[in-house]
Amino acid sequence: MEFQFCIFYKNDRLQFGWIREVRKNKPVIVPIQGKEISCSTNRLEYIWQGTIYQNEKEAIVYLAEKSKKVLAESAGIELDVIHELCETGVPYTLEDLAENFLDNPDDGWSRVALLIKIRTDQKHFQRKKNQFFARSSEEILKQEEEAEKKLENERRQLKEKEWADKLRNNERPDISSAEEDHWQLFLHRIQNFLLYLENSQEKDYFCSLFQCQITEPIITERRFLDVLSLAGIDISWGRLILSRVSAHSTSEDEQAAVAKLMSLDIWKGLYDIETRDQRELMTFTVDSAETRDYDDAVSWEAQGGGGMLRVHIADVASFVGKESLLFEKSENRISSLYTVKKVYPMLDPDLSENLFSLHEGFDRPVLTFEVQVAENGEIGATQIYRSVINVNQNLSYELVDEDINRDDPYWTEVFRFCQRLKEKRIENGSLELERIEIKLDISDPDSIQIKEIRENTPASTLIQELAIHTNHQAASFCKQYGLLCLFRNQPPYSINKGLAEGEKPTLQDIQIQPARIGTSPEGHSALGLDCYLQVTSPIRRFLDLVNQGIIFSHLADIESGYDSDELLTWARQGEDIQREYAAIERSLERHWKIKYLAQHQDDIFDAQMVRTLRNGKSLINIQQVQLFVECVLDEVPEGTFQIVLDLVTPKYDRVVVRPYFEETASDK
């Protein structure tokens with residue numbers, strides 16, 4: 001192999017070279033330009049014997065001259081004539097073709113010229129390893145069509161680059177009538193890219209075209225929304241974010257399925273089980289004032305020093321079976337989506353806010369969880385059954401708080417029972433977090449209002465504990481009877497800072513893994529429970545609907561129709577979509593919070609240190625809006641400190657703040 005000439009691949013380009021030696025079974029090749037390389041045999045395209053040179057300099061001079069002649073000779077080869085004289089389907093080696101069609105078939109340089117011509121052309125011959133096959137007329141036609149498509153695509157990309165350059169400079173391109181279809185398709189592709197962003201197949205193309213980075217999604221989104229607006233397509237950022245939840249759109253088939261349910265018989269359903277008439281009970285719902293999809297209600301009957309507690313959950317599973325279109329739609333949506341501006345329900349509003357919703361004054365079918373409560377607050381006998389109720393009143397948290405504060409006997413007894421439930425959970429290791437919820441009122445976008453809602457009011461504690469206890473009762477029931485269902489499990493957590501006596505941890509103070517859904521009960525550390533599942537919101541959550549159907553199936557003594565693989569698939573799908581929904585909800589809420597700050601740029605805000613980031617900046621929480629932003633702090637303050645706003649740009653999600661005490665010191 002030494003002192004021979006070759007063509008080889010370097011960086012996917014074919015180059016000429018002279019083989020000086022073989023070292024460790026690899027030829028050492030000296031190219032016409034550049035340094036020598038040790039080349040693997042699979043990168044060698046062809047080797048031939050020319051004039052033998054042992055001097056490297058002389059060999060390279062000779063190679064440079066001959067390579068020019070080879071390329072000239074290759075350009076003059078009439079490959080279409082050679083193709084016409086070859087039979088299709090017959091394999092030819094390079095030597096065969098040289099023997100038949102070259103004037104000097106034994107000359108290695110002439111053979112290389114032919115090989116380069118075949119490689120460059122590719123239209124007339126197909127290569128399979130070291131053999132060449134003459135293409136049929138049909139194959140050639142297809143090759144020509146593909147070549148034309150490639151050329152057309154290159155022309156279109158050049159035009160799109162021209163358009164992108166103008167749009168980046170805030171200029172709308174002049175579009176001729178011949179270009180109109182291409183222009184509209186271009187805009188449509190931009191909208192699709194925006195919709196899927198980092199999952200878009202064209203993300204690299206559009207990021208290169210408009211010189212942006214996918215790692216800065218908000219800036220990228222805003223830039224392309226400006227581009228579309230310049231082109232006459234106005235899409236708000238919020239609408240873009242919500243358009244990613246396409247599963248919440250309603251089809252005509254779904255509307256027809258909803259219409260059929262509107263005349264349902266509440267006493268009957270998919271399950272052949274007894275339905276108790278409990279319409280005479282004093283029954284209430286407790287939710288926020290804006291709620292329309294009431295899916296749980298509570299009844300309390302005082303009995304001596306104790307009482308009978310019943311929690312009623314809207315019966316959806318009796319009417320939305322596994323094989324129904326509405327079940328399929330719920331499976332695709334996984335849950336309702338709640339944004340600052342609007343609710344996107346899992347079930348059509350005619351169902352979620354009407355037929356299944358536990359509105360006051362209407363007979364409604366429910367799954368009832370009954371608990372006998374002793375005088376000392378201990379739980380006695382429990383039951384789960386189907387019933388029909390009629391809610392007396394849809395109450396707000398504020399009204400129930402007022403009733404508890406004035407010692408209303410009904411709510412006071414229920415609250416005391418819930419306090420005992422909470423105390424027991426805390427004894428079992430339940431986390432009791434200090435959390436503040438912020439409620440945004442954007443009815444007037446030019447004057448956004450913020451209301452702080454503390455989660456640990458008597459009414460919120462009561463409803464939270466009843467939901468947790470009902471879900472635990474359902475989980476215990478499923479565990480007792482060995483039912484295959486979707487349990488919610490959470491491994492043990494740890495607190496990563498010392499807490500003063502009576503101090504509650506915040507989310508930043510704990511190290512905890514996310515709860516995972518599985519088909520076996522493994523306990524829930526954050527709730528201090530041996531088993532847990534969710535069944536209390538079948539109107540809003542698909543997995544609750546599935547669990548409700550499993551319980552109804554057991555009560556009816558029939559198989560649920562679900563297998564383990566199916567349930568686990570839903571669990572994974574549910575976790576993925578819930579993370580997506582949570583991200584959407586956080587993004588939209590953050591956007592409106594930053595808009596609020598923009599309307600109050602001269603105010604002074606309270607803040608708390610959260611942690612130091614890798615970039616050296618501090619992550620702080622602006623307490624009035626519960627918004628986390630970065631801040632440069634020369635010293636880390638203890639407790640609450642004050643900040644002022646230097647820059648607020650809602651469009652690009654930017655908030656620049658600085659400590660207020662620095663300003664005060666400089667003024668002095």
# chains A, B, ... in the order shown; residues from 1 in each chain; ligands from 1
$ residues_around --residues "Ser560 of chain A" --least-positions-apart "3" --cutoff "8 Å" --atoms "only C-alpha atoms" --output "ChimeraX atom specification"
/A:549-550,553-554
$ residues_around --residues "Trp18 of chain A" --least-positions-apart "6" --cutoff "8 Å" --atoms "only C-alpha atoms" --output "PyMOL selection string"
chain A and resi 3-6+29-31+59-60+63
$ residues_around --residues "Pro345 of chain A" --least-positions-apart "5" --cutoff "12 Å" --atoms "only C-alpha atoms" --output "CSV table (one decimal) with all heavy atoms, in the first residue's frame"
chain,number,residue,atom,x,y,z
A,245,VAL,N,-52.8,23.8,24.7
A,245,VAL,CA,-53.7,22.9,25.3
A,245,VAL,C,-54.8,22.6,24.4
A,245,VAL,O,-56.0,22.9,24.7
A,245,VAL,CB,-54.2,23.4,26.7
A,245,VAL,CG1,-54.8,22.3,27.5
A,245,VAL,CG2,-53.1,24.1,27.5
A,247,ALA,N,-56.2,20.0,23.5
A,247,ALA,CA,-57.2,18.9,23.8
A,247,ALA,C,-58.5,19.5,24.4
A,247,ALA,O,-59.5,18.8,24.5
A,247,ALA,CB,-56.5,18.0,24.8
A,248,HIS,N,-58.5,20.8,24.9
A,248,HIS,CA,-59.6,21.3,25.5
A,248,HIS,C,-60.7,21.9,24.6
A,248,HIS,O,-61.7,22.4,25.0
A,248,HIS,CB,-59.2,22.4,26.6
A,248,HIS,CG,-58.7,21.8,27.8
A,248,HIS,ND1,-59.5,21.5,28.9
A,248,HIS,CD2,-57.5,21.3,28.1
A,248,HIS,CE1,-58.7,21.0,29.9
A,248,HIS,NE2,-57.5,20.8,29.4
A,249,SER,N,-60.4,21.8,23.3
A,249,SER,CA,-61.4,22.3,22.3
A,249,SER,C,-62.5,21.2,22.2
A,249,SER,O,-62.2,20.0,22.4
A,249,SER,CB,-60.7,22.5,20.9
A,249,SER,OG,-60.1,21.3,20.5
A,250,THR,N,-63.7,21.6,21.9
A,250,THR,CA,-64.8,20.7,21.8
A,250,THR,C,-65.3,20.4,20.4
A,250,THR,O,-65.4,21.3,19.6
A,250,THR,CB,-66.0,21.4,22.6
A,250,THR,OG1,-65.6,21.7,23.9
A,250,THR,CG2,-67.2,20.4,22.7
A,292,ARG,N,-67.9,27.1,39.9
A,292,ARG,CA,-69.2,26.7,39.2
A,292,ARG,C,-69.2,25.2,39.1
A,292,ARG,O,-70.3,24.6,39.0
A,292,ARG,CB,-69.2,27.3,37.8
A,292,ARG,CG,-69.4,28.8,37.8
A,292,ARG,CD,-70.7,29.3,38.4
A,292,ARG,NE,-70.8,30.7,38.5
A,292,ARG,CZ,-70.5,31.5,39.5
A,292,ARG,NH1,-70.0,30.9,40.6
A,292,ARG,NH2,-70.6,32.8,39.5
A,293,ASP,N,-68.1,24.5,39.2
A,293,ASP,CA,-68.0,23.1,39.1
A,293,ASP,C,-67.9,22.5,40.5
A,293,ASP,O,-66.9,22.0,40.9
A,293,ASP,CB,-66.9,22.6,38.2
A,293,ASP,CG,-65.5,23.2,38.6
A,293,ASP,OD1,-65.5,24.1,39.4
A,293,ASP,OD2,-64.5,22.8,38.0
A,329,LYS,N,-62.3,11.8,25.8
A,329,LYS,CA,-62.0,13.2,25.9
A,329,LYS,C,-61.3,13.5,27.2
A,329,LYS,O,-60.3,14.3,27.3
A,329,LYS,CB,-63.2,14.1,25.6
A,329,LYS,CG,-63.8,14.0,24.2
A,329,LYS,CD,-62.8,14.6,23.2
A,329,LYS,CE,-63.4,14.6,21.8
A,329,LYS,NZ,-62.5,15.3,20.8
A,330,SER,N,-61.9,13.0,28.3
A,330,SER,CA,-61.3,13.2,29.6
A,330,SER,C,-59.9,12.6,29.7
A,330,SER,O,-59.0,13.2,30.3
A,330,SER,CB,-62.2,12.6,30.7
A,330,SER,OG,-63.5,13.2,30.6
A,333,ARG,N,-57.5,15.0,28.1
A,333,ARG,CA,-57.3,16.3,28.8
A,333,ARG,C,-56.7,16.1,30.2
A,333,ARG,O,-56.0,17.0,30.7
A,333,ARG,CB,-58.7,17.0,28.9
A,333,ARG,CG,-59.2,17.4,27.6
A,333,ARG,CD,-60.7,17.8,27.7
A,333,ARG,NE,-61.2,18.1,26.4
A,333,ARG,CZ,-62.5,18.1,26.0
A,333,ARG,NH1,-63.4,17.8,26.9
A,333,ARG,NH2,-62.9,18.4,24.8
A,334,ILE,N,-56.9,14.9,30.8
A,334,ILE,CA,-56.4,14.6,32.1
A,334,ILE,C,-57.0,15.4,33.2
A,334,ILE,O,-57.4,14.8,34.3
A,334,ILE,CB,-54.9,14.6,32.2
A,334,ILE,CG1,-54.3,13.5,31.3
A,334,ILE,CG2,-54.3,14.6,33.6
A,334,ILE,CD1,-54.6,12.1,31.9
A,335,SER,N,-57.2,16.7,33.0
A,335,SER,CA,-57.8,17.5,34.1
A,335,SER,C,-58.3,18.8,33.5
A,335,SER,O,-58.0,19.1,32.4
A,335,SER,CB,-56.8,17.8,35.2
A,335,SER,OG,-55.9,18.8,34.8
A,336,SER,N,-59.0,19.5,34.4
A,336,SER,CA,-59.4,20.9,34.0
A,336,SER,C,-58.1,21.8,34.1
A,336,SER,O,-57.2,21.4,34.9
A,336,SER,CB,-60.5,21.4,34.9
A,336,SER,OG,-61.7,20.7,34.8
A,337,LEU,N,-58.1,22.8,33.4
A,337,LEU,CA,-57.0,23.8,33.5
A,337,LEU,C,-57.5,25.1,34.0
A,337,LEU,O,-58.4,25.7,33.4
A,337,LEU,CB,-56.4,23.9,32.1
A,337,LEU,CG,-55.3,25.0,31.9
A,337,LEU,CD1,-54.1,24.7,32.8
A,337,LEU,CD2,-54.9,25.2,30.5
A,338,TYR,N,-56.9,25.6,35.1
A,338,TYR,CA,-57.4,26.8,35.7
A,338,TYR,C,-56.3,27.9,35.5
A,338,TYR,O,-55.2,27.8,35.9
A,338,TYR,CB,-57.6,26.6,37.2
A,338,TYR,CG,-58.7,25.7,37.5
A,338,TYR,CD1,-58.5,24.3,37.5
A,338,TYR,CD2,-60.0,26.1,37.7
A,338,TYR,CE1,-59.6,23.4,37.7
A,338,TYR,CE2,-61.1,25.3,37.9
A,338,TYR,CZ,-60.8,23.9,37.9
A,338,TYR,OH,-61.9,23.0,38.2
A,339,THR,N,-56.7,29.0,34.8
A,339,THR,CA,-55.8,30.1,34.6
A,339,THR,C,-56.4,31.3,35.3
A,339,THR,O,-57.6,31.3,35.7
A,339,THR,CB,-55.6,30.4,33.1
A,339,THR,OG1,-56.8,31.0,32.5
A,339,THR,CG2,-55.2,29.2,32.3
A,350,ASP,N,-71.5,22.1,30.1
A,350,ASP,CA,-72.9,21.7,30.4
A,350,ASP,C,-72.9,20.5,31.4
A,350,ASP,O,-73.9,20.3,32.1
A,350,ASP,CB,-73.6,21.2,29.1
A,350,ASP,CG,-74.0,22.4,28.3
A,350,ASP,OD1,-74.2,23.5,28.8
A,350,ASP,OD2,-74.2,22.3,27.0
A,351,LEU,N,-71.8,19.8,31.5
A,351,LEU,CA,-71.7,18.7,32.4
A,351,LEU,C,-71.0,19.2,33.7
A,351,LEU,O,-71.5,19.0,34.8
A,351,LEU,CB,-70.9,17.5,31.8
A,351,LEU,CG,-71.5,16.9,30.6
A,351,LEU,CD1,-70.6,15.8,30.1
A,351,LEU,CD2,-72.9,16.4,30.8
A,352,SER,N,-69.8,19.8,33.6
A,352,SER,CA,-69.0,20.2,34.7
A,352,SER,C,-69.6,21.3,35.5
A,352,SER,O,-69.5,21.3,36.8
A,352,SER,CB,-67.6,20.6,34.3
A,352,SER,OG,-67.7,21.8,33.4
A,353,GLU,N,-70.4,22.2,34.9
A,353,GLU,CA,-70.9,23.3,35.6
A,353,GLU,C,-72.5,23.2,35.8
A,353,GLU,O,-73.1,24.1,36.3
A,353,GLU,CB,-70.6,24.6,34.9
A,353,GLU,CG,-69.1,24.9,34.9
A,353,GLU,CD,-68.7,26.2,34.1
A,353,GLU,OE1,-69.6,26.9,33.8
A,353,GLU,OE2,-67.5,26.4,33.9
A,538,PRO,N,-63.9,14.1,40.5
A,538,PRO,CA,-64.1,13.4,39.2
A,538,PRO,C,-64.5,14.3,38.1
A,538,PRO,O,-64.4,14.0,36.9
A,538,PRO,CB,-65.1,12.3,39.5
A,538,PRO,CG,-65.9,12.9,40.7
A,538,PRO,CD,-64.9,13.6,41.5
A,539,ILE,N,-65.1,15.5,38.4
A,539,ILE,CA,-65.5,16.5,37.4
A,539,ILE,C,-64.2,17.1,36.8
A,539,ILE,O,-64.2,17.4,35.7
A,539,ILE,CB,-66.4,17.6,38.0
A,539,ILE,CG1,-67.8,17.0,38.4
A,539,ILE,CG2,-66.5,18.7,37.1
A,539,ILE,CD1,-68.7,18.0,39.0
A,540,ARG,N,-63.2,17.3,37.7
A,540,ARG,CA,-62.0,18.0,37.3
A,540,ARG,C,-60.8,17.2,36.9
A,540,ARG,O,-59.9,17.6,36.2
A,540,ARG,CB,-61.6,19.0,38.4
A,540,ARG,CG,-62.7,19.9,38.9
A,540,ARG,CD,-62.3,20.6,40.2
A,540,ARG,NE,-63.4,21.4,40.8
A,540,ARG,CZ,-63.3,22.1,41.9
A,540,ARG,NH1,-62.2,22.1,42.5
A,540,ARG,NH2,-64.3,22.8,42.3
A,541,ARG,N,-60.7,15.9,37.4
A,541,ARG,CA,-59.5,15.1,37.2
A,541,ARG,C,-59.9,13.7,36.7
A,541,ARG,O,-60.7,13.0,37.3
A,541,ARG,CB,-58.7,15.0,38.6
A,541,ARG,CG,-58.1,16.3,39.1
A,541,ARG,CD,-57.1,16.0,40.2
A,541,ARG,NE,-57.7,15.4,41.4
A,541,ARG,CZ,-57.9,16.0,42.6
A,541,ARG,NH1,-57.5,17.3,42.7
A,541,ARG,NH2,-58.5,15.4,43.6
A,542,PHE,N,-59.2,13.4,35.6
A,542,PHE,CA,-59.5,12.1,35.0
A,542,PHE,C,-59.2,10.9,35.9
A,542,PHE,O,-59.9,9.9,36.0
A,542,PHE,CB,-58.7,12.0,33.7
A,542,PHE,CG,-58.8,10.6,33.0
A,542,PHE,CD1,-60.0,10.2,32.5
A,542,PHE,CD2,-57.7,9.8,33.0
A,542,PHE,CE1,-60.0,8.9,31.9
A,542,PHE,CE2,-57.7,8.5,32.4
A,542,PHE,CZ,-58.9,8.1,31.8
$ closest_residue --among "A:Gly17, A:Asn104, A:Leu114, A:Leu486" --to "Lys66 of chain A" --atoms "only C-alpha atoms"
A:Gly17
$ closest_residue --among "A:Ala113, A:Asp103, A:Leu230, A:Leu195" --to "Trp163 of chain A" --atoms "only C-alpha atoms"
A:Leu230
$ select_by_dssp --residues "segment 366-415 of chain A" --states "helix (DSSP H, G or I)" --output "ChimeraX atom specification"
/A:397-405,409-415
$ closest_atom_pairs --of "segment 462-550 of chain A" --to "segment 440-458 of chain A" --cutoff "12 Å" --atoms "only C-alpha atoms" --output "Markdown table"
| residue | atom | partner | partner_atom | distance |
| --- | --- | --- | --- | --- |
| A:Leu462 | CA | A:Pro458 | CA | 6.0 |
| A:Ile463 | CA | A:Pro458 | CA | 8.8 |
| A:Gln464 | CA | A:Glu455 | CA | 9.4 |
| A:Glu465 | CA | A:Pro458 | CA | 10.5 |
| A:Lys504 | CA | A:Asn456 | CA | 11.8 |
$ write_last_selection --atoms "N, CA, C and O atoms" --output "PDB file, in the first residue's frame"
ATOM      1  N   LEU A 462     -60.925  22.946  57.135  1.00  0.00           N
ATOM      2  CA  LEU A 462     -62.036  21.989  57.184  1.00  0.00           C
ATOM      3  C   LEU A 462     -62.174  21.251  55.851  1.00  0.00           C
ATOM      4  O   LEU A 462     -62.209  20.012  55.815  1.00  0.00           O
ATOM      5  N   ILE A 463     -62.230  21.997  54.763  1.00  0.00           N
ATOM      6  CA  ILE A 463     -62.421  21.379  53.441  1.00  0.00           C
ATOM      7  C   ILE A 463     -61.204  20.553  53.052  1.00  0.00           C
ATOM      8  O   ILE A 463     -61.328  19.446  52.495  1.00  0.00           O
ATOM      9  N   GLN A 464     -60.017  21.058  53.370  1.00  0.00           N
ATOM     10  CA  GLN A 464     -58.803  20.308  53.049  1.00  0.00           C
ATOM     11  C   GLN A 464     -58.765  18.980  53.792  1.00  0.00           C
ATOM     12  O   GLN A 464     -58.454  17.934  53.204  1.00  0.00           O
ATOM     13  N   GLU A 465     -59.080  19.010  55.068  1.00  0.00           N
ATOM     14  CA  GLU A 465     -59.041  17.780  55.860  1.00  0.00           C
ATOM     15  C   GLU A 465     -60.119  16.795  55.437  1.00  0.00           C
ATOM     16  O   GLU A 465     -59.895  15.574  55.430  1.00  0.00           O
ATOM     17  N   LYS A 504     -43.377  26.912  61.292  1.00  0.00           N
ATOM     18  CA  LYS A 504     -43.746  25.983  60.226  1.00  0.00           C
ATOM     19  C   LYS A 504     -42.751  26.105  59.075  1.00  0.00           C
ATOM     20  O   LYS A 504     -42.323  27.214  58.738  1.00  0.00           O
TER      21      LYS A 504
END
$ residues_around --residues "Leu115 of chain A" --least-positions-apart "5" --cutoff "10 Å" --atoms "only C-alpha atoms" --output "VMD selection string"
chain A and resid 45 to 46 74 94 97 to 98 109 to 110 120 to 121
$ atom_distance --atom1 "atom CA of Ile7 of chain A" --atom2 "atom CA of Thr93 of chain A"
17.3 Å
$ closest_residue --among "A:Thr519, A:Ser299, A:Gln213, A:Ser387" --to "Ile273 of chain A" --atoms "only C-alpha atoms"
A:Ser387
$ atom_distance --atom1 "atom CA of Ala75 of chain A" --atom2 "atom CA of Lys117 of chain A"
6.9 Å
$ residues_around --residues "segment 602-616 of chain A" --least-positions-apart "5" --cutoff "12 Å" --atoms "only C-alpha atoms" --output "ChimeraX atom specification"
/A:506-509,596-597,621-648,657-661,663
$ residues_around --residues "segment 589-592 of chain A" --least-positions-apart "6" --cutoff "7 Å" --atoms "only C-alpha atoms" --output "NGL selection string"
:A and (340 or 650 or 653)
